[in-house]
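Visitor: Structure below; questions to follow.
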Amino acid sequence: MARSTHSVARKKRKKKILRAAKGYFGGRKNLYRTAKDAVEKGWEHAYRDRKKKKRNFRRLWITRINAAARQNDISYSRFMNGLQRAGIELDRKALADLAIRSPDTFASLAERAKSALSN
């Protein structure tokens, strides 16, 4: 029986790693073991930071909404509570966009939130 080798699969696996390491500096781009370590670490960071990106954007939106709400003499938490009581269902991404692009619309939302809180 002929001896079986894994040369095709091995080459494919190595080529995949070295292709992913393209653009890295020094031996990280052309030495297999070093490239494998660098690529795997890069994939770990990419996986982790895809989750982190969502958190960071939510923090940014909340900061922008808070700044715009305080310009309209209301705190962030009271603003969000007022919107909920008024039955306005806008997500934080849309509210942050309104706060930056059309402050007049945001000001009217702030007034509606204030009136909903006073009732």
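Scheme for the structure tokens: letters A, B, ... for chains in order shown; per-chain residue numbers from 1; ligand numbers from 1 in order shown.
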Output as CSV one row per residue of region 14-65 of chain A within 9 Å of region 69-80 of chain A: the closest atom pair and its distance in Å to one decimal place, counting only C-alpha atoms, sorted by chain and residue number ascending.
Guide:
```
residue,atom,partner,partner_atom,distance
A:Ile62,CA,A:Tyr76,CA,7.9
A:Thr63,CA,A:Tyr76,CA,8.8
A:Arg64,CA,A:Ala69,CA,8.5
A:Ile65,CA,A:Ala69,CA,5.9
```
Visitor: Neighbouring residues of Leu83 (chain A) were defined as those with any atom within 12 Å, considering only C-alpha atoms; residues of the same chain fewer than 2 positions away were excluded. Please report them as a PyMOL selection string.
Guide: chain A and resi 69+74+76-81+85-92+95+106+108-117
Visitor: Chain A: which residues are helix (DSSP H, G or I) by DSSP, as a PyMOL selection string?
Guide: chain A and resi 7-20+26-28+32-71+76-86+92-101+103-118
Visitor: Within 12 Å of Ile100 (chain A), counting only C-alpha atoms, which residues show up once you throw out same-chain ones fewer than 2 positions away? Write them as a short mmCIF file (atom, residue, chain, number, x, y, z; two decimals) with all heavy atoms, in the first residue's frame, please.
Guide:
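Contents of the output file out_3.cif:
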```cif
data_model
loop_
_atom_site.label_atom_id
_atom_site.label_comp_id
_atom_site.auth_asym_id
_atom_site.auth_seq_id
_atom_site.Cartn_x
_atom_site.Cartn_y
_atom_site.Cartn_z
N TRP A 61 -23.10 57.50 21.46
CA TRP A 61 -24.46 58.02 21.26
C TRP A 61 -25.01 58.61 22.55
O TRP A 61 -25.62 59.67 22.53
CB TRP A 61 -25.37 56.91 20.75
CG TRP A 61 -24.99 56.36 19.42
CD1 TRP A 61 -24.35 57.03 18.41
CD2 TRP A 61 -25.21 55.04 18.94
NE1 TRP A 61 -24.15 56.18 17.33
CE2 TRP A 61 -24.67 54.96 17.63
CE3 TRP A 61 -25.81 53.91 19.48
CZ2 TRP A 61 -24.73 53.81 16.87
CZ3 TRP A 61 -25.86 52.76 18.72
CH2 TRP A 61 -25.33 52.71 17.43
N THR A 63 -23.35 59.85 25.05
CA THR A 63 -22.64 61.10 25.33
C THR A 63 -23.21 62.24 24.50
O THR A 63 -23.43 63.35 25.02
CB THR A 63 -21.14 60.93 25.04
OG1 THR A 63 -20.64 59.83 25.80
CG2 THR A 63 -20.36 62.17 25.40
N ARG A 64 -23.45 61.98 23.23
CA ARG A 64 -23.99 63.03 22.35
C ARG A 64 -25.40 63.44 22.75
O ARG A 64 -25.74 64.63 22.76
CB ARG A 64 -23.99 62.53 20.90
CG ARG A 64 -22.61 62.49 20.30
CD ARG A 64 -22.63 61.95 18.90
NE ARG A 64 -21.31 62.03 18.30
CZ ARG A 64 -21.00 61.51 17.13
NH1 ARG A 64 -21.92 60.87 16.42
NH2 ARG A 64 -19.78 61.62 16.64
N ILE A 65 -26.22 62.45 23.09
CA ILE A 65 -27.60 62.74 23.51
C ILE A 65 -27.58 63.55 24.80
O ILE A 65 -28.32 64.52 24.96
CB ILE A 65 -28.41 61.45 23.69
CG1 ILE A 65 -28.59 60.74 22.35
CG2 ILE A 65 -29.77 61.74 24.31
CD1 ILE A 65 -29.09 59.32 22.46
N ASN A 66 -26.71 63.16 25.74
CA ASN A 66 -26.61 63.85 27.02
C ASN A 66 -26.21 65.31 26.80
O ASN A 66 -26.80 66.22 27.40
CB ASN A 66 -25.59 63.15 27.91
CG ASN A 66 -25.56 63.70 29.31
OD1 ASN A 66 -26.53 64.29 29.77
ND2 ASN A 66 -24.45 63.51 29.99
N ALA A 67 -25.21 65.55 25.95
CA ALA A 67 -24.75 66.92 25.68
C ALA A 67 -25.88 67.76 25.09
O ALA A 67 -26.12 68.90 25.51
CB ALA A 67 -23.55 66.89 24.75
N ALA A 68 -26.59 67.19 24.12
CA ALA A 68 -27.68 67.93 23.48
C ALA A 68 -28.84 68.14 24.45
O ALA A 68 -29.48 69.21 24.46
CB ALA A 68 -28.16 67.19 22.25
N ALA A 69 -29.12 67.15 25.28
CA ALA A 69 -30.22 67.28 26.24
C ALA A 69 -29.91 68.37 27.26
O ALA A 69 -30.78 69.16 27.62
CB ALA A 69 -30.45 65.95 26.95
N LYS A 93 -29.14 55.64 18.50
CA LYS A 93 -28.42 56.00 17.28
C LYS A 93 -29.14 57.13 16.54
O LYS A 93 -28.53 58.12 16.13
CB LYS A 93 -28.29 54.77 16.38
CG LYS A 93 -27.53 55.01 15.10
CD LYS A 93 -27.44 53.73 14.30
CE LYS A 93 -26.72 53.94 12.99
NZ LYS A 93 -26.63 52.70 12.21
N ALA A 94 -30.45 57.00 16.41
CA ALA A 94 -31.24 58.02 15.72
C ALA A 94 -31.27 59.32 16.51
O ALA A 94 -31.16 60.41 15.93
CB ALA A 94 -32.65 57.51 15.49
N LEU A 95 -31.39 59.22 17.83
CA LEU A 95 -31.41 60.42 18.67
C LEU A 95 -30.08 61.17 18.59
O LEU A 95 -30.06 62.41 18.50
CB LEU A 95 -31.71 60.06 20.12
CG LEU A 95 -33.16 59.66 20.42
CD1 LEU A 95 -33.27 59.08 21.81
CD2 LEU A 95 -34.08 60.86 20.26
N ALA A 96 -28.97 60.44 18.61
CA ALA A 96 -27.66 61.08 18.52
C ALA A 96 -27.48 61.76 17.17
O ALA A 96 -26.93 62.86 17.08
CB ALA A 96 -26.56 60.05 18.73
N ASP A 97 -27.99 61.13 16.11
CA ASP A 97 -27.93 61.72 14.78
C ASP A 97 -28.76 63.00 14.72
O ASP A 97 -28.32 64.00 14.15
CB ASP A 97 -28.42 60.70 13.75
CG ASP A 97 -28.10 61.12 12.34
OD1 ASP A 97 -26.92 61.45 12.08
OD2 ASP A 97 -29.02 61.12 11.49
N LEU A 98 -29.95 62.97 15.33
CA LEU A 98 -30.78 64.18 15.39
C LEU A 98 -30.09 65.28 16.18
O LEU A 98 -30.17 66.46 15.81
CB LEU A 98 -32.13 63.87 16.04
CG LEU A 98 -33.19 63.20 15.17
CD1 LEU A 98 -34.41 62.84 16.01
CD2 LEU A 98 -33.58 64.10 14.02
N SER A 102 -29.80 67.95 13.32
CA SER A 102 -30.91 68.90 13.39
C SER A 102 -31.27 69.20 14.84
O SER A 102 -32.17 68.57 15.42
CB SER A 102 -32.12 68.37 12.62
OG SER A 102 -32.48 67.12 13.12
N PRO A 103 -30.54 70.14 15.43
CA PRO A 103 -30.78 70.50 16.83
C PRO A 103 -32.19 71.02 17.10
O PRO A 103 -32.71 70.86 18.21
CB PRO A 103 -29.75 71.59 17.10
CG PRO A 103 -28.75 71.49 16.02
CD PRO A 103 -29.44 70.88 14.85
N ASP A 104 -32.83 71.61 16.10
CA ASP A 104 -34.19 72.13 16.29
C ASP A 104 -35.17 70.99 16.55
O ASP A 104 -36.03 71.07 17.44
CB ASP A 104 -34.64 72.91 15.05
CG ASP A 104 -33.72 74.08 14.75
OD1 ASP A 104 -33.08 74.58 15.70
OD2 ASP A 104 -33.63 74.47 13.57
N THR A 105 -35.06 69.93 15.78
CA THR A 105 -35.91 68.76 15.99
C THR A 105 -35.65 68.14 17.35
O THR A 105 -36.58 67.75 18.06
CB THR A 105 -35.64 67.71 14.89
OG1 THR A 105 -35.71 68.34 13.61
CG2 THR A 105 -36.64 66.58 14.95
N PHE A 106 -34.36 68.07 17.72
CA PHE A 106 -34.02 67.52 19.03
C PHE A 106 -34.59 68.38 20.15
O PHE A 106 -35.08 67.86 21.16
CB PHE A 106 -32.49 67.41 19.17
CG PHE A 106 -32.07 66.62 20.37
CD1 PHE A 106 -31.93 65.25 20.28
CD2 PHE A 106 -31.84 67.24 21.58
CE1 PHE A 106 -31.55 64.50 21.39
CE2 PHE A 106 -31.46 66.51 22.69
CZ PHE A 106 -31.32 65.15 22.59
N ALA A 107 -34.58 69.70 19.95
CA ALA A 107 -35.13 70.60 20.96
C ALA A 107 -36.63 70.37 21.13
O ALA A 107 -37.15 70.39 22.26
CB ALA A 107 -34.86 72.05 20.58
#
```
Visitor: For CA of Tyr24 (chain A) and CA of His6 (chain A), quote the distance in Å rounded to one decimal.
Guide: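 Value for the CA of Tyr24 (chain A)-CA of His6 (chain A) distance: 27.6 Å.
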